[in-house]
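run15.csv follows (CSV, C-alpha atoms):
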chain,number,residue,atom,x,y,z
U,26,PHE,CA,-14.2,-33.3,3.2
U,27,ARG,CA,-14.3,-34.4,-0.5
U,28,PHE,CA,-14.3,-32.1,-3.5
U,29,ARG,CA,-17.2,-32.7,-5.9
U,30,PRO,CA,-16.5,-32.5,-9.7
U,31,ALA,CA,-18.8,-29.5,-9.9
U,32,ALA,CA,-16.9,-27.6,-7.2
U,33,ILE,CA,-13.6,-28.4,-8.9
U,34,ARG,CA,-14.9,-27.1,-12.2
U,35,LEU,CA,-16.1,-23.9,-10.5
U,36,ILE,CA,-12.8,-23.2,-8.8
U,37,THR,CA,-10.8,-23.9,-12.0
U,38,ARG,CA,-13.0,-21.7,-14.2
U,39,SER,CA,-12.7,-18.9,-11.6
U,40,MET,CA,-8.9,-19.1,-11.7
U,41,ILE,CA,-8.8,-19.1,-15.5
U,42,GLU,CA,-11.2,-16.2,-15.9
U,43,ASN,CA,-9.4,-14.1,-13.2
U,44,PRO,CA,-5.8,-15.1,-12.9
U,45,HIS,CA,-5.0,-12.2,-10.6
U,46,THR,CA,-7.4,-13.4,-7.9
U,47,PRO,CA,-5.3,-14.6,-4.9
U,48,ALA,CA,-5.3,-18.3,-4.2
U,49,PRO,CA,-7.9,-19.3,-1.5
U,50,ASP,CA,-5.2,-20.5,0.9
U,51,LEU,CA,-3.3,-17.2,1.0
U,52,ASP,CA,-3.2,-15.3,4.3
U,53,PRO,CA,-6.0,-12.7,4.3
U,54,PHE,CA,-3.6,-10.2,6.0
U,55,GLU,CA,-1.1,-10.6,3.2
U,56,ARG,CA,-3.8,-10.0,0.6
U,57,ALA,CA,-5.0,-6.9,2.4
U,58,MET,CA,-1.4,-5.5,2.7
U,59,GLY,CA,-0.7,-6.3,-0.9
U,60,ARG,CA,-3.8,-4.3,-2.0
U,61,GLU,CA,-2.9,-1.4,0.3
U,62,ARG,CA,0.7,-1.3,-1.0
U,63,LEU,CA,-0.4,-1.4,-4.6
U,64,ARG,CA,-2.9,1.4,-4.0
U,65,ASN,CA,-0.3,3.5,-2.3
U,66,ALA,CA,2.3,2.8,-4.9
U,67,ARG,CA,0.0,4.1,-7.7
U,68,LEU,CA,-0.8,7.2,-5.6
U,69,ILE,CA,2.9,7.9,-5.2
U,70,ASN,CA,3.4,7.7,-8.9
U,71,LEU,CA,0.5,10.1,-9.4
U,72,LEU,CA,1.8,12.6,-6.8
U,73,ARG,CA,5.3,12.4,-8.3
U,74,LEU,CA,3.9,13.4,-11.7
U,75,ILE,CA,1.9,16.3,-10.3
U,76,GLY,CA,4.8,17.6,-8.2
U,77,VAL,CA,7.3,17.5,-10.9
U,78,ALA,CA,4.9,19.2,-13.4
U,79,ILE,CA,4.2,22.0,-10.9
U,80,PHE,CA,7.9,22.6,-10.2
U,81,LEU,CA,8.7,22.6,-13.9
U,82,ALA,CA,5.9,25.1,-14.5
U,83,LEU,CA,7.3,27.3,-11.7
U,84,HIS,CA,10.8,27.3,-13.2
U,85,LEU,CA,9.5,28.2,-16.6
U,86,LEU,CA,7.2,30.9,-15.3
U,87,LEU,CA,9.3,32.5,-12.5
U,88,GLY,CA,12.7,31.8,-14.0
U,89,GLU,CA,12.4,32.0,-17.8
U,90,VAL,CA,9.5,34.4,-18.1
U,91,ALA,CA,9.8,36.6,-14.9
U,92,GLY,CA,13.6,36.4,-14.9
U,93,GLY,CA,13.9,35.3,-11.3
U,94,ALA,CA,17.5,34.3,-10.6
U,95,ALA,CA,16.5,31.9,-7.9
U,96,TRP,CA,14.3,29.9,-10.3
U,97,HIS,CA,16.9,29.4,-13.0
U,98,GLY,CA,17.5,25.6,-13.1
U,99,ASN,CA,18.5,22.8,-15.3
U,100,LEU,CA,15.4,22.5,-17.5
U,101,ALA,CA,16.7,19.6,-19.4
U,102,VAL,CA,17.1,17.5,-16.2
U,103,MET,CA,13.6,18.6,-15.0
U,104,ALA,CA,12.1,17.6,-18.4
U,105,ALA,CA,13.7,14.2,-18.2
U,106,TYR,CA,12.4,13.8,-14.7
U,107,LEU,CA,8.9,14.7,-15.8
U,108,LEU,CA,9.1,12.2,-18.6
U,109,THR,CA,10.2,9.5,-16.3
U,110,ALA,CA,7.4,10.3,-13.8
U,111,LEU,CA,4.9,10.1,-16.7
U,112,VAL,CA,6.2,6.7,-17.8
U,113,LEU,CA,6.1,5.3,-14.2
U,114,HIS,CA,2.5,6.6,-13.8
U,115,LEU,CA,1.2,5.2,-17.0
U,116,ARG,CA,3.0,1.8,-16.6
U,117,GLY,CA,1.8,1.6,-13.0
U,118,ARG,CA,-1.8,2.0,-13.9
U,119,ARG,CA,-1.6,-1.1,-16.2
U,120,ARG,CA,0.9,-3.4,-14.5
U,121,ARG,CA,1.2,-4.2,-10.8
U,122,SER,CA,5.0,-4.8,-11.0
U,123,ALA,CA,5.5,-1.4,-12.5
U,124,ALA,CA,3.2,0.2,-9.9
U,125,ARG,CA,5.2,-1.2,-7.0
U,126,LEU,CA,8.2,0.7,-8.1
U,127,GLY,CA,6.5,3.8,-6.8
U,128,GLY,CA,7.9,3.6,-3.2
U,129,PHE,CA,11.1,1.9,-4.3
U,130,SER,CA,12.0,4.7,-6.7
U,131,ILE,CA,11.8,7.5,-4.2
U,132,PRO,CA,15.3,7.0,-2.7
U,133,PHE,CA,16.8,5.9,-6.0
U,134,LEU,CA,15.1,8.3,-8.4
U,135,ASP,CA,13.4,11.3,-6.7
U,136,MET,CA,16.1,12.1,-4.1
U,137,PRO,CA,19.0,12.0,-6.6
U,138,MET,CA,17.0,14.2,-9.0
U,139,VAL,CA,16.3,16.7,-6.2
U,140,PHE,CA,20.0,16.8,-5.4
U,141,LEU,CA,20.9,17.4,-9.1
U,142,MET,CA,18.3,20.2,-9.5
U,143,GLN,CA,19.2,21.9,-6.2
U,144,ALA,CA,22.9,21.7,-6.8
U,145,SER,CA,22.5,23.3,-10.2
U,146,ALA,CA,20.6,26.2,-8.5
U,147,PHE,CA,23.8,27.2,-6.6
U,148,ALA,CA,25.2,28.8,-9.8
U,149,THR,CA,22.4,31.3,-10.0
U,150,THR,CA,21.3,32.0,-6.5
U,151,SER,CA,22.7,34.6,-4.1
U,152,ASP,CA,21.8,32.6,-1.0
U,153,PRO,CA,23.0,29.0,-1.2
U,154,ARG,CA,21.9,28.3,2.4
U,155,ALA,CA,18.3,29.1,1.5
U,156,VAL,CA,18.5,26.5,-1.3
U,157,ALA,CA,19.9,23.9,1.1
U,158,THR,CA,17.2,24.7,3.6
U,159,PHE,CA,14.5,24.4,1.0
U,160,SER,CA,16.0,21.0,0.0
U,161,LEU,CA,15.6,19.8,3.5
U,162,ALA,CA,11.9,20.4,3.3
U,163,ILE,CA,11.7,18.5,0.0
U,164,TYR,CA,13.7,15.5,1.5
U,165,ILE,CA,11.3,15.4,4.5
U,166,VAL,CA,8.3,15.2,2.2
U,167,LEU,CA,10.0,12.5,0.2
U,168,VAL,CA,10.6,10.5,3.4
U,169,LEU,CA,6.9,10.8,4.2
U,170,LEU,CA,6.0,9.5,0.7
U,171,ALA,CA,8.4,6.6,1.1
U,172,ALA,CA,6.5,5.6,4.3
U,173,MET,CA,3.4,5.0,2.1
U,174,SER,CA,5.1,1.9,0.7
U,175,LEU,CA,4.5,0.3,4.2
U,176,GLU,CA,8.0,-1.2,4.1
U,177,GLN,CA,10.4,-0.5,6.9
U,178,TRP,CA,13.5,-0.9,4.9
U,179,GLN,CA,12.3,1.6,2.2
U,180,ILE,CA,11.7,4.2,5.0
U,181,TRP,CA,15.2,3.9,6.4
U,182,VAL,CA,16.9,3.7,3.0
U,183,ALA,CA,15.1,6.9,2.1
U,184,VAL,CA,16.2,8.5,5.4
U,185,GLY,CA,19.8,7.5,4.7
U,186,ILE,CA,19.9,8.8,1.1
U,187,ALA,CA,18.0,12.0,2.2
U,188,ALA,CA,20.6,12.6,4.9
U,189,LEU,CA,23.5,12.1,2.5
U,190,GLY,CA,21.9,14.4,-0.1
U,191,GLU,CA,21.1,17.1,2.4
U,192,VAL,CA,24.5,17.1,4.0
U,193,SER,CA,26.2,17.3,0.6
U,194,LEU,CA,24.1,20.3,-0.3
U,195,GLN,CA,24.8,22.0,3.0
U,196,VAL,CA,28.6,21.4,2.5
U,197,MET,CA,28.3,22.9,-1.0
U,198,ALA,CA,26.4,25.9,0.5
U,199,LYS,CA,29.1,26.2,3.3
U,200,ASP,CA,26.5,25.8,6.0
U,201,THR,CA,27.5,25.6,9.7
U,202,THR,CA,28.0,22.4,11.6
U,203,GLY,CA,24.9,23.2,13.6
U,204,GLY,CA,22.8,23.5,10.5
U,205,MET,CA,24.0,20.2,9.2
U,206,LEU,CA,23.3,18.4,12.5
U,207,SER,CA,19.9,20.1,12.7
U,208,GLY,CA,19.1,18.7,9.2
U,209,LEU,CA,20.2,15.2,10.1
U,210,VAL,CA,18.1,15.3,13.3
U,211,LEU,CA,15.0,16.5,11.4
U,212,ILE,CA,15.4,13.8,8.8
U,213,GLY,CA,16.0,11.1,11.3
U,214,PHE,CA,13.1,12.2,13.5
U,215,THR,CA,10.8,12.2,10.5
U,216,GLY,CA,11.9,8.6,9.6
U,217,ALA,CA,11.3,7.4,13.2
U,218,ILE,CA,7.8,8.9,13.2
U,219,CYS,CA,7.1,7.3,9.8
U,220,ALA,CA,8.3,3.9,11.0
U,221,TYR,CA,6.1,4.1,14.1
U,222,ALA,CA,3.1,5.2,12.0
U,223,ARG,CA,3.7,2.4,9.6
U,224,GLN,CA,3.8,-0.2,12.3
U,225,ARG,CA,0.6,1.1,13.8
U,226,ARG,CA,-1.1,1.0,10.4
U,227,VAL,CA,0.1,-2.5,9.8
U,228,ASP,CA,-1.1,-3.6,13.2
U,229,LEU,CA,-4.5,-2.0,12.5
U,230,VAL,CA,-4.8,-3.8,9.1
U,231,ARG,CA,-3.9,-7.1,10.8
U,232,GLN,CA,-6.5,-6.6,13.6
U,233,VAL,CA,-9.2,-5.6,11.1
U,234,THR,CA,-8.4,-8.6,8.9
U,235,GLU,CA,-8.4,-11.1,11.7
U,236,GLU,CA,-11.7,-9.7,13.0
U,237,HIS,CA,-13.2,-10.0,9.5
U,238,LEU,CA,-11.9,-13.5,9.2
U,239,ARG,CA,-13.3,-14.5,12.5
U,240,ARG,CA,-16.7,-13.2,11.6
U,241,GLU,CA,-16.6,-14.9,8.3
U,242,ARG,CA,-15.8,-18.2,9.9
U,243,LEU,CA,-18.6,-17.8,12.4
U,244,GLY,CA,-21.0,-16.9,9.6
U,245,ARG,CA,-20.3,-20.2,7.9
U,246,TYR,CA,-21.9,-22.2,10.8
U,247,PHE,CA,-24.2,-19.8,12.5
U,248,SER,CA,-27.0,-17.4,11.6
U,249,PRO,CA,-26.3,-13.7,11.8
U,250,GLN,CA,-28.3,-13.5,15.0
U,251,VAL,CA,-26.3,-16.3,16.6
U,252,THR,CA,-23.0,-14.8,15.3
U,253,ARG,CA,-23.9,-11.4,16.8
U,254,HIS,CA,-24.7,-13.1,20.1
U,255,ILE,CA,-21.4,-14.9,20.2
U,256,GLU,CA,-19.5,-11.6,19.5
U,257,GLU,CA,-21.4,-9.8,22.2
U,258,GLN,CA,-20.9,-12.4,24.9
U,259,PRO,CA,-17.6,-14.2,24.3
U,260,ASP,CA,-16.9,-14.8,28.0
U,261,GLN,CA,-20.3,-16.1,28.8
U,262,LEU,CA,-20.2,-18.7,26.0
U,263,ALA,CA,-16.9,-20.1,27.4
U,264,LYS,CA,-18.7,-21.2,30.6
U,265,ALA,CA,-20.6,-24.5,30.9
U,266,ARG,CA,-24.4,-24.2,30.7
U,267,ASN,CA,-27.3,-26.6,30.9
U,268,CYS,CA,-30.2,-25.7,28.6
U,269,ASP,CA,-32.8,-27.3,26.3
U,270,VAL,CA,-32.0,-26.9,22.6
U,271,THR,CA,-33.6,-28.0,19.3
U,272,ILE,CA,-31.2,-29.2,16.6
U,273,LEU,CA,-32.2,-29.7,12.9
U,274,PHE,CA,-30.0,-31.7,10.6
U,275,SER,CA,-30.8,-31.2,6.9
U,276,ASP,CA,-29.4,-32.2,3.5
U,277,ILE,CA,-30.2,-31.9,-0.1
U,278,ARG,CA,-31.4,-35.2,-1.4
U,279,ASP,CA,-29.2,-36.8,-4.1
U,280,PHE,CA,-27.1,-33.7,-4.2
U,281,THR,CA,-23.9,-35.5,-5.1
U,282,ALA,CA,-25.3,-37.3,-8.0
U,283,LEU,CA,-27.2,-34.2,-9.1
U,284,SER,CA,-24.1,-31.9,-9.0
U,285,GLU,CA,-22.1,-34.4,-11.2
U,286,THR,CA,-24.6,-33.8,-14.1
U,287,MET,CA,-25.0,-30.0,-13.8
U,288,PRO,CA,-22.7,-27.2,-14.9
U,289,SER,CA,-21.0,-25.3,-12.1
U,290,GLU,CA,-23.2,-22.2,-12.6
U,291,GLN,CA,-26.4,-24.2,-12.1
U,292,VAL,CA,-25.0,-25.8,-8.9
U,293,VAL,CA,-24.3,-22.4,-7.4
U,294,THR,CA,-27.7,-21.2,-8.4
U,295,LEU,CA,-29.3,-24.2,-6.8
U,296,LEU,CA,-27.4,-23.8,-3.6

Re-express the file's structure as structure tokens.
Amino acid sequence: FRFRPAAIRLITRSMIENPHTPAPDLDPFERAMGRERLRNARLINLLRLIGVAIFLALHLLLGEVAGGAAWHGNLAVMAAYLLTALVLHLRGRRRRSAARLGGFSIPFLDMPMVFLMQASAFATTSDPRAVATFSLAIYIVLVLLAAMSLEQWQIWVAVGIAALGEVSLQVMAKDTTGGMLSGLVLIGFTGAICAYARQRRVDLVRQVTEEHLRRERLGRYFSPQVTRHIEEQPDQLAKARNCDVTILFSDIRDFTALSETMPSEQVVTLL
């Protein structure tokens, strides 16, 4: 095949006007996964902002206003956490590179902040084990959110940091060995489920992408009716058959010379 000047102008103008458009030769599966990861990362940033805002409001309402001892926490740490979550959310909406920090920041931002806030609650609570147990639930939720990044290594890094933070809190709460082992098992089991679900989701995206690509390729050479017939009877078409057919070859007269003198938009309209 030979590129015509009009086609080259059309591709060049498209790349200039939309520089974020993936190159035509990129793997469709990688493009689909990139879009899914970006969408999930922005969702993680939004969920983080909502969650931190809710917990800060609860601490203010139940701890400062109602005087609940269990809800007295380090408000300065929570305010800094909320500000960080707001910055990540706003930056992630504008820039892809900042949005992708959503899943990556869970083990290195959210889990350490949870540890600091829960550890500070030991000074005001009468039941440290309850605080450690509640922390286990938070860590499990964070592992589930880390799985939305669709990266295996982020899931297992989140599992490791969650296990370390939970065991540390249980040691501070003087929990039993059985309680510590139970927490580790729950966190590890959650990570295994997330890893399995992630792999199934990736396989599904790959299957759908390959199916869409196959249909797109068939659609370049066959009419929709013929494409549907090929998809419905793949085994039958693989066998040799004798039949009478009519074939029409057609072309646009003087298209090469015509396209060299027309803007790319008019060439597309003509086609």

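Here CA of Ser145 (chain U) is placed at a distance of 21.1 Å from CA of Leu74 (chain U).
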
Atom-to-atom span, CA of Leu100 (chain U) and CA of Phe147 (chain U), Å: 14.5 Å

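Those DNA, RNA and protein residues that approach the point (9.6, 20.3, -13.4) to within 9 Å, considering all atoms listed in the file, are Gly76, Val77, Ala78, Ile79, Phe80, Leu81, Ala82, Leu83, His84, Leu85, Leu100, Val102, Met103, Ala104, Ala105, Tyr106 and Leu107 of chain U.
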
Written file, previous selection with C-alpha atoms, as a CSV table (one decimal), keeping the file's coordinate frame:
chain,number,residue,atom,x,y,z
U,76,GLY,CA,4.8,17.6,-8.2
U,77,VAL,CA,7.3,17.5,-10.9
U,78,ALA,CA,4.9,19.2,-13.4
U,79,ILE,CA,4.2,22.0,-10.9
U,80,PHE,CA,7.9,22.6,-10.2
U,81,LEU,CA,8.7,22.6,-13.9
U,82,ALA,CA,5.9,25.1,-14.5
U,83,LEU,CA,7.3,27.3,-11.7
U,84,HIS,CA,10.8,27.3,-13.2
U,85,LEU,CA,9.5,28.2,-16.6
U,100,LEU,CA,15.4,22.5,-17.5
U,102,VAL,CA,17.1,17.5,-16.2
U,103,MET,CA,13.6,18.6,-15.0
U,104,ALA,CA,12.1,17.6,-18.4
U,105,ALA,CA,13.7,14.2,-18.2
U,106,TYR,CA,12.4,13.8,-14.7
U,107,LEU,CA,8.9,14.7,-15.8

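The closest residue to Ser193 (chain U), picked from U:Val230, U:Val210, U:Leu141, U:Leu238 and counting all atoms listed in the file, is U:Leu141.
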
Closest of U:Ala282, U:Glu256, U:Ser122, U:Gln177 to Gly244 (chain U) - atom-to-atom distances counting only C-alpha atoms: U:Glu256

Among listed residues U:Ala91, U:Ala198, U:Val270, U:Val233, nearest Asp152 (chain U) (using only C-alpha atoms):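 Of U:Ala91, U:Ala198, U:Val270, U:Val233, the one nearest Asp152 (chain U) is U:Ala198, counting only C-alpha atoms.
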
Among listed residues U:Ile255, U:Phe247, U:Gly190, U:Phe280, nearest Leu295 (chain U) (using only C-alpha atoms):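 The shortest atom-to-atom distance to Leu295 (chain U) comes from U:Phe280.
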
One-decimal distance in Å that lies between CA of Thr109 (chain U) and CA of Leu86 (chain U):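 CA of Leu86 (chain U) sits 21.6 Å away from CA of Thr109 (chain U).
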
Selection: 12 Å around Arg120 (chain U), all atoms listed in the file, excl. self and same-chain fewer than 5 positions, as a VMD selection string: chain U and resid 45 63 66 to 67 112 to 115 125 to 127

Spatial neighbours of Ile69 (chain U), 9 Å, all atoms listed in the file, chain gap at least 5 places, as a PyMOL selection string: chain U and resi 64+74+114+127-128+131+170-171+173-174

Would you put the residues from that selection into a file with C-alpha atoms, as a PDB file, keeping the file's coordinate frame?
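Heads up, here's the output in out_6.pdb:
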ATOM      1  CA  ARG U  64      -2.900   1.400  -4.000  1.00  0.00           C
ATOM      2  CA  LEU U  74       3.900  13.400 -11.700  1.00  0.00           C
ATOM      3  CA  HIS U 114       2.500   6.600 -13.800  1.00  0.00           C
ATOM      4  CA  GLY U 127       6.500   3.800  -6.800  1.00  0.00           C
ATOM      5  CA  GLY U 128       7.900   3.600  -3.200  1.00  0.00           C
ATOM      6  CA  ILE U 131      11.800   7.500  -4.200  1.00  0.00           C
ATOM      7  CA  LEU U 170       6.000   9.500   0.700  1.00  0.00           C
ATOM      8  CA  ALA U 171       8.400   6.600   1.100  1.00  0.00           C
ATOM      9  CA  MET U 173       3.400   5.000   2.100  1.00  0.00           C
ATOM     10  CA  SER U 174       5.100   1.900   0.700  1.00  0.00           C
TER      11      SER U 174
END

Best match for closeness to Ala222 (chain U) among U:Ile180, U:Ala265, U:Ala124, U:Val192, counting all atoms listed in the file: U:Ile180

Nearest candidate to Ala217 (chain U) (options U:Phe129, U:Arg239, U:Asn65, U:Ile165; using all atoms listed in the file):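 For Ala217 (chain U), the nearest of the given residues is U:Ile165.
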
Radius query 12 Å about (8.1, 15.9, 2.3), atoms used: all atoms listed in the file, as a VMD selection string: chain U and resid 72 to 73 76 131 135 to 136 139 159 to 173 183 to 184 187 211 to 212 215 to 216 219
